[in-house]
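> upload_35.cif (mmCIF, C-alpha atoms and all ligand atoms) pasted underneath:
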```
data_structure
loop_
_atom_site.group_PDB
_atom_site.id
_atom_site.type_symbol
_atom_site.label_atom_id
_atom_site.label_comp_id
_atom_site.auth_asym_id
_atom_site.auth_seq_id
_atom_site.Cartn_x
_atom_site.Cartn_y
_atom_site.Cartn_z
ATOM 1 C CA MET N 2 203.431 124.800 68.247
ATOM 2 C CA GLU N 3 206.082 123.816 65.720
ATOM 3 C CA GLN N 4 207.968 122.127 68.529
ATOM 4 C CA LEU N 5 204.846 120.251 69.639
ATOM 5 C CA GLY N 6 204.380 118.938 66.097
ATOM 6 C CA GLY N 7 208.054 118.156 65.547
ATOM 7 C CA GLN N 8 209.856 117.215 68.758
ATOM 8 C CA GLY N 9 206.563 116.465 70.497
ATOM 9 C CA TYR N 10 206.927 118.984 73.321
ATOM 10 C CA PHE N 11 207.504 122.565 74.307
ATOM 11 C CA THR N 12 208.285 124.336 77.570
ATOM 12 C CA ARG N 13 207.712 127.854 78.872
ATOM 13 C CA ALA N 14 209.408 129.489 81.857
ATOM 14 C CA SER N 15 206.132 130.905 83.153
ATOM 15 C CA PHE N 16 202.466 129.872 83.030
ATOM 16 C CA LEU N 17 200.417 131.016 86.046
ATOM 17 C CA GLY N 18 202.748 133.794 87.149
ATOM 18 C CA ALA N 19 205.065 133.202 90.090
ATOM 19 C CA GLU N 20 202.709 134.687 92.658
ATOM 20 C CA LEU N 21 199.740 132.511 91.714
ATOM 21 C CA ALA N 22 201.985 129.444 91.394
ATOM 22 C CA SER N 23 203.197 129.998 94.975
ATOM 23 C CA ARG N 24 199.627 130.345 96.227
ATOM 24 C CA VAL N 25 198.641 127.155 94.420
ATOM 25 C CA ARG N 26 201.465 125.310 96.177
ATOM 26 C CA THR N 27 200.337 126.602 99.569
ATOM 27 C CA ASP N 28 196.732 125.562 98.937
ATOM 28 C CA ALA N 29 197.826 122.228 97.449
ATOM 29 C CA GLN N 30 199.560 121.262 100.668
ATOM 30 C CA ALA N 31 196.168 121.178 102.427
ATOM 31 C CA ILE N 32 194.666 118.650 99.982
ATOM 32 C CA PRO N 33 194.562 115.007 101.098
ATOM 33 C CA LEU N 34 196.645 112.785 98.818
ATOM 34 C CA ARG N 35 196.860 109.058 98.266
ATOM 35 C CA ARG N 36 199.641 106.847 97.001
ATOM 36 C CA ALA N 37 199.716 106.568 93.231
ATOM 37 C CA GLY N 38 198.924 103.191 91.709
ATOM 38 C CA ILE N 39 200.137 101.958 88.367
ATOM 39 C CA ARG N 40 197.679 101.081 85.704
ATOM 40 C CA ARG N 41 197.245 97.327 85.896
ATOM 41 C CA GLY N 42 194.647 97.094 88.650
ATOM 42 C CA HIS N 43 196.217 100.084 90.413
ATOM 43 C CA GLU N 44 198.458 97.948 92.571
ATOM 44 C CA LEU N 45 201.131 99.910 94.370
ATOM 45 C CA ASP N 46 204.548 99.381 92.888
ATOM 46 C CA GLU N 47 207.163 101.711 94.282
ATOM 47 C CA THR N 48 209.744 100.514 91.791
ATOM 48 C CA VAL N 49 207.639 102.234 89.117
ATOM 49 C CA ARG N 50 206.367 105.306 90.914
ATOM 50 C CA SER N 51 206.322 106.565 94.458
ATOM 51 C CA ASP N 52 204.447 109.848 94.265
ATOM 52 C CA GLU N 53 201.154 110.719 95.970
ATOM 53 C CA LEU N 54 198.268 112.342 94.177
ATOM 54 C CA ALA N 55 194.762 113.762 94.157
ATOM 55 C CA TRP N 56 192.359 114.175 91.256
ATOM 56 C CA LEU N 57 190.844 117.650 91.250
ATOM 57 C CA THR N 58 187.471 118.559 89.802
ATOM 58 C CA LYS N 59 186.704 122.064 88.735
ATOM 59 C CA ASP N 60 183.667 122.402 90.993
ATOM 60 C CA GLU N 61 185.641 121.434 94.067
ATOM 61 C CA THR N 62 188.508 123.842 93.515
ATOM 62 C CA LYS N 63 188.453 127.338 94.888
ATOM 63 C CA GLY N 64 190.804 130.284 95.267
ATOM 64 C CA ALA N 65 194.206 129.900 93.666
ATOM 65 C CA LEU N 66 193.468 126.379 92.419
ATOM 66 C CA SER N 67 190.355 127.471 90.584
ATOM 67 C CA MET N 68 192.373 130.263 88.966
ATOM 68 C CA ALA N 69 194.865 127.626 87.858
ATOM 69 C CA VAL N 70 191.995 125.626 86.336
ATOM 70 C CA THR N 71 191.073 128.723 84.317
ATOM 71 C CA HIS N 72 194.648 128.946 83.015
ATOM 72 C CA PHE N 73 194.518 125.304 81.928
ATOM 73 C CA GLU N 74 191.202 125.961 80.146
ATOM 74 C CA ARG N 75 192.735 128.928 78.343
ATOM 75 C CA LEU N 76 195.728 126.819 77.331
ATOM 76 C CA MET N 77 193.354 124.209 75.881
ATOM 77 C CA HIS N 78 191.716 126.856 73.689
ATOM 78 C CA GLU N 79 195.106 128.223 72.620
ATOM 79 C CA LEU N 80 196.248 124.739 71.626
ATOM 80 C CA ASN N 81 193.032 124.162 69.665
ATOM 81 C CA ASP N 82 193.270 127.508 67.892
ATOM 82 C CA ALA N 83 196.889 126.960 66.942
ATOM 83 C CA ALA N 84 196.877 123.277 66.074
ATOM 84 C CA TRP N 85 193.336 121.999 65.520
ATOM 85 C CA LEU N 86 193.774 119.381 68.195
ATOM 86 C CA GLY N 87 190.048 119.132 68.970
ATOM 87 C CA LEU N 88 190.650 119.067 72.717
ATOM 88 C CA ARG N 89 187.393 119.166 74.668
ATOM 89 C CA THR N 90 188.039 118.212 78.283
ATOM 90 C CA PHE N 91 190.832 117.621 80.719
ATOM 91 C CA ASP N 92 191.552 115.692 83.885
ATOM 92 C CA LEU N 93 193.564 117.524 86.488
ATOM 93 C CA GLN N 94 195.895 115.916 88.980
ATOM 94 C CA LEU N 95 197.969 117.223 91.845
ATOM 95 C CA ALA N 96 201.126 115.203 92.504
ATOM 96 C CA HIS N 97 203.603 115.312 95.352
ATOM 97 C CA TYR N 98 206.975 113.580 95.320
ATOM 98 C CA ALA N 99 208.438 113.297 98.809
ATOM 99 C CA PRO N 100 212.256 113.229 98.961
ATOM 100 C CA GLY N 101 213.353 109.924 97.400
ATOM 101 C CA ALA N 102 210.304 109.559 95.153
ATOM 102 C CA HIS N 103 210.504 109.053 91.383
ATOM 103 C CA TYR N 104 208.453 107.831 88.425
ATOM 104 C CA ALA N 105 210.031 105.372 85.971
ATOM 105 C CA ARG N 106 210.020 105.846 82.207
ATOM 106 C CA HIS N 107 206.511 105.636 80.725
ATOM 107 C CA ARG N 108 204.002 107.118 78.320
ATOM 108 C CA ASP N 109 200.775 108.759 79.453
ATOM 109 C CA ALA N 110 198.645 107.232 76.675
ATOM 110 C CA PHE N 111 198.830 104.529 74.052
ATOM 111 C CA PRO N 112 197.523 104.870 70.516
ATOM 112 C CA GLY N 113 193.976 103.588 70.269
ATOM 113 C CA GLN N 114 193.767 102.712 73.935
ATOM 114 C CA ASP N 115 193.223 106.042 75.556
ATOM 115 C CA ASN N 116 192.071 109.404 74.390
ATOM 116 C CA ARG N 117 194.542 111.500 76.324
ATOM 117 C CA ARG N 118 196.230 113.597 73.667
ATOM 118 C CA ILE N 119 198.223 116.315 75.387
ATOM 119 C CA THR N 120 199.892 116.428 78.804
ATOM 120 C CA ALA N 121 200.498 119.858 80.376
ATOM 121 C CA ILE N 122 202.387 120.171 83.651
ATOM 122 C CA VAL N 123 203.040 123.236 85.777
ATOM 123 C CA TYR N 124 205.580 122.964 88.592
ATOM 124 C CA LEU N 125 205.091 124.520 91.998
ATOM 125 C CA ASN N 126 208.565 124.525 93.518
ATOM 126 C CA PRO N 127 210.211 127.776 94.572
ATOM 127 C CA ALA N 128 213.943 127.656 95.370
ATOM 128 C CA TRP N 129 214.530 124.456 93.394
ATOM 129 C CA VAL N 130 218.270 123.882 92.904
ATOM 130 C CA PRO N 131 220.106 121.273 90.799
ATOM 131 C CA GLU N 132 220.999 119.285 93.951
ATOM 132 C CA HIS N 133 217.286 118.604 94.408
ATOM 133 C CA GLY N 134 217.251 116.403 91.284
ATOM 134 C CA GLY N 135 213.666 115.573 90.349
ATOM 135 C CA GLN N 136 214.056 116.545 86.699
ATOM 136 C CA LEU N 137 211.484 115.552 84.135
ATOM 137 C CA ARG N 138 213.493 113.627 81.530
ATOM 138 C CA LEU N 139 211.872 113.611 78.103
ATOM 139 C CA HIS N 140 213.099 110.767 75.907
ATOM 140 C CA VAL N 141 213.200 112.765 72.715
ATOM 141 C CA ALA N 142 216.284 112.902 70.497
ATOM 142 C CA PRO N 143 218.471 114.100 72.131
ATOM 143 C CA PRO N 144 216.877 113.637 75.585
ATOM 144 C CA VAL N 145 216.163 116.748 77.635
ATOM 145 C CA GLU N 146 215.992 117.197 81.389
ATOM 146 C CA LEU N 147 213.806 119.925 82.827
ATOM 147 C CA ALA N 148 214.047 121.049 86.439
ATOM 148 C CA PRO N 149 210.621 121.432 88.121
ATOM 149 C CA THR N 150 211.092 125.112 88.899
ATOM 150 C CA LEU N 151 208.293 127.376 90.093
ATOM 151 C CA ASP N 152 205.739 128.134 87.375
ATOM 152 C CA ARG N 153 207.514 126.280 84.553
ATOM 153 C CA LEU N 154 205.090 124.785 82.021
ATOM 154 C CA VAL N 155 205.835 121.653 79.983
ATOM 155 C CA VAL N 156 203.453 120.491 77.263
ATOM 156 C CA PHE N 157 203.897 117.253 75.325
ATOM 157 C CA ARG N 158 201.991 114.757 73.210
ATOM 158 C CA SER N 159 200.772 112.077 75.594
ATOM 159 C CA GLU N 160 200.969 109.162 73.140
ATOM 160 C CA LEU N 161 204.318 110.072 71.736
ATOM 161 C CA VAL N 162 206.773 111.271 74.349
ATOM 162 C CA GLU N 163 208.237 108.765 76.787
ATOM 163 C CA HIS N 164 209.327 110.431 79.982
ATOM 164 C CA GLU N 165 210.343 109.832 83.584
ATOM 165 C CA VAL N 166 210.782 111.738 86.823
ATOM 166 C CA LEU N 167 214.261 111.400 88.275
ATOM 167 C CA LYS N 168 214.582 110.911 92.003
ATOM 168 C CA ALA N 169 213.651 114.070 93.885
ATOM 169 C CA ARG N 170 215.628 115.112 96.948
ATOM 170 C CA ALA N 171 213.188 117.773 98.117
ATOM 171 C CA ASP N 172 209.394 117.966 98.194
ATOM 172 C CA ARG N 173 208.307 118.263 94.584
ATOM 173 C CA TRP N 174 204.820 119.491 93.658
ATOM 174 C CA ALA N 175 203.233 119.531 90.216
ATOM 175 C CA LEU N 176 199.805 120.129 88.718
ATOM 176 C CA THR N 177 199.069 118.153 85.534
ATOM 177 C CA ALA N 178 196.276 118.415 82.992
ATOM 178 C CA TRP N 179 195.603 115.631 80.492
ATOM 179 C CA TYR N 180 193.624 117.005 77.576
ATOM 180 C CA SER N 181 191.300 114.715 75.661
ATOM 181 C CA ALA N 182 189.212 114.971 72.524
ATOM 182 C CA ARG N 183 186.433 112.806 74.011
HETATM 183 C C1 LIG T 1 202.874 111.734 85.338
HETATM 184 C C2 LIG T 1 204.223 112.305 85.065
HETATM 185 C C3 LIG T 1 205.809 114.109 85.310
HETATM 186 C C4 LIG T 1 206.254 115.207 86.233
HETATM 187 O O1 LIG T 1 202.262 112.066 86.371
HETATM 188 O O2 LIG T 1 202.407 110.938 84.499
HETATM 189 O O3 LIG T 1 204.880 111.794 84.219
HETATM 190 O O4 LIG T 1 207.203 115.915 85.872
HETATM 191 N N1 LIG T 1 204.643 113.421 85.734
HETATM 192 O O5 LIG T 1 205.683 115.358 87.322
HETATM 193 MN MN MN T 2 203.628 110.804 82.801
#
```
What would the structure in this file look like if it were written as structure tokens?
Ligand code: OGA
Ligand code: MN

Amino acid sequence: MEQLGGQGYFTRASFLGAELASRVRTDAQAIPLRRAGIRRGHELDETVRSDELAWLTKDETKGALSMAVTHFERLMHELNDAAWLGLRTFDLQLAHYAPGAHYARHRDAFPGQDNRRITAIVYLNPAWVPEHGGQLRLHVAPPVELAPTLDRLVVFRSELVEHEVLKARADRWALTAWYSAR
């Protein structure tokens, strides 16, 4: 929590447990995805991002994915208890980067414009090796690069931390929650 207040982020090697994370990946592969748009009118701009995604609602998820939703709910309560963030809801997104896909440097929220406060990402990629690229680069000082390895959790302040996804050279799956105080 000190890191979240200071640097603006923290990471943990494990979140769901490796077994559940693997099951989530398997189930995720059966979910229909669509190309990600960028904000302004959601036009497709592959120079900015080239992932594919699906928004997940709690009621629609079952099995491993609904267990993952429970973990994200628990994390929300832990964050509130530790830091008085007043988080009340979250949007959940599944994202797939095919080999060659990336997401250019951006922020997930802008002060006053959006009420996303905290971004939490869990990665679903067993056997990820450095040659696969696809790191999440956080533009903190000094910048950090995090490989999207199975079950790794990254949590950062949505308004504060600029970040990008470097080009992936293998299929890269992630599940992201954006927590809001709305
Ligand atoms: C996003 C994003 C990072 C990642 O979807 O906004 O920045 O590591 N994802 O998948
Ligand atoms: Mn982002």
> Within 10 Å of ligand MN 2 (chain T) (counting all atoms listed in the file), which residues show up? I'd like them as a list in words.
Tyr104, Ala105, Arg106, His107, Arg108, Asp109, Ala110, Thr120, Ala121, Ile122, Leu137, Leu139, Phe157, Ser159, Val162, Glu163, His164, Glu165, Val166, Thr177 and Trp179 of chain N
> Would you mind listing what lies within 12 Å of Val130 (chain N) as JSON, numbers by chain, with only C-alpha atoms counted and same-chain residues fewer than 2 positions away left out?
{"N": [126, 127, 128, 132, 133, 134, 135, 136, 147, 148, 149, 150, 151, 169, 170, 171, 172, 173]}
> Just how far from CA of Leu88 (chain N) is CA of Ser23 (chain N), in Å to one decimal?
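Between CA of Ser23 (chain N) and CA of Leu88 (chain N) the gap works out to 27.8 Å.
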> Evaluated on this file, the PyMOL selection byres (((chain N and resi 4) around 12) and not hetatm) picks out some residues - which ones are they, written as an MDAnalysis selection string?
chainID N and resid 2:3 5:13 84 141 155:158
> Go ahead and fit an axis-aligned box to every listed atom of ligand LIG 1 (chain T) plus 3 Å each side, and pass me the centre and edge lengths in Å, one decimal, as JSON.

```
{"center_x": 204.7, "center_y": 113.4, "center_z": 85.8, "size_x": 10.9, "size_y": 11.0, "size_z": 9.1}
```
> Which value, in Å to one decimal, gives the distance between atom O2 of ligand LIG 1 (chain T) and CA of His97 (chain N)?
11.8 Å
> Could you list, as a VMD selection string, every residue matched by the PyMOL selection byres (((chain N and resi 34) around 9) and not hetatm) in this structure?
chain N and resid 32 to 33 35 to 37 53 to 56 95 to 97
> Of the candidates N:Thr58, N:Ser15, N:Thr90, N:Thr27, which shows the shortest atom-to-atom distance to Arg117 (chain N), using all atoms listed in the file?
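For Arg117 (chain N), the nearest of the candidates is N:Thr90.
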> Would you mind reading off the distance between CA of Arg50 (chain N) and CA of Ala19 (chain N), one decimal, in Å?
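It comes out at 27.9 Å.
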> Measuring between only C-alpha atoms and all ligand atoms, which one of N:Thr62, N:Gln94, N:Ser181, N:Ser67 shows the shortest distance to ligand LIG 1 (chain T)?
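Of N:Thr62, N:Gln94, N:Ser181, N:Ser67, the one nearest ligand LIG 1 (chain T), counting only C-alpha atoms and all ligand atoms, is N:Gln94.
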> Looking at all atoms listed in the file, which of N:Gly101, N:Gly113, N:Pro144, N:Gly64 is the one that sits closest to Asp28 (chain N)?
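Closest candidate: N:Gly64.
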> Nearest residue to Asp52 (chain N) out of N:Glu160, N:Ala31, N:Phe111, N:Ala102, using all atoms listed in the file?
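Using all atoms listed in the file, the shortest distance to Asp52 (chain N) belongs to N:Ala102.
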> Give as a PyMOL selection string the residues that the PyMOL selection byres (((chain N and resi 182) around 12) and not hetatm) matches when applied to the coordinates above.
chain N and resi 77+81+85-92+115-119+179-181+183
> The selected residues should be written to file as a PDB file, in the coordinates of the input (atoms: C-alpha atoms).

```
ATOM      1  CA  MET N  77     193.354 124.209  75.881  1.00  0.00           C
ATOM      2  CA  ASN N  81     193.032 124.162  69.665  1.00  0.00           C
ATOM      3  CA  TRP N  85     193.336 121.999  65.520  1.00  0.00           C
ATOM      4  CA  LEU N  86     193.774 119.381  68.195  1.00  0.00           C
ATOM      5  CA  GLY N  87     190.048 119.132  68.970  1.00  0.00           C
ATOM      6  CA  LEU N  88     190.650 119.067  72.717  1.00  0.00           C
ATOM      7  CA  ARG N  89     187.393 119.166  74.668  1.00  0.00           C
ATOM      8  CA  THR N  90     188.039 118.212  78.283  1.00  0.00           C
ATOM      9  CA  PHE N  91     190.832 117.621  80.719  1.00  0.00           C
ATOM     10  CA  ASP N  92     191.552 115.692  83.885  1.00  0.00           C
ATOM     11  CA  ASP N 115     193.223 106.042  75.556  1.00  0.00           C
ATOM     12  CA  ASN N 116     192.071 109.404  74.390  1.00  0.00           C
ATOM     13  CA  ARG N 117     194.542 111.500  76.324  1.00  0.00           C
ATOM     14  CA  ARG N 118     196.230 113.597  73.667  1.00  0.00           C
ATOM     15  CA  ILE N 119     198.223 116.315  75.387  1.00  0.00           C
ATOM     16  CA  TRP N 179     195.603 115.631  80.492  1.00  0.00           C
ATOM     17  CA  TYR N 180     193.624 117.005  77.576  1.00  0.00           C
ATOM     18  CA  SER N 181     191.300 114.715  75.661  1.00  0.00           C
ATOM     19  CA  ARG N 183     186.433 112.806  74.011  1.00  0.00           C
TER      20      ARG N 183
END
```
> With distances taken over all atoms listed in the file, which residue among N:Tyr98, N:Phe16, N:Phe73, N:Trp129 lies nearest ligand LIG 1 (chain T)?
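The answer is N:Tyr98, which sits nearest to ligand LIG 1 (chain T).
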> Measuring between all atoms listed in the file, which one of N:Leu125, N:Ala142, N:Ala69, N:Ala83 shows the shortest distance to ligand LIG 1 (chain T)?
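Of N:Leu125, N:Ala142, N:Ala69, N:Ala83, the one nearest ligand LIG 1 (chain T) is N:Leu125, counting all atoms listed in the file.
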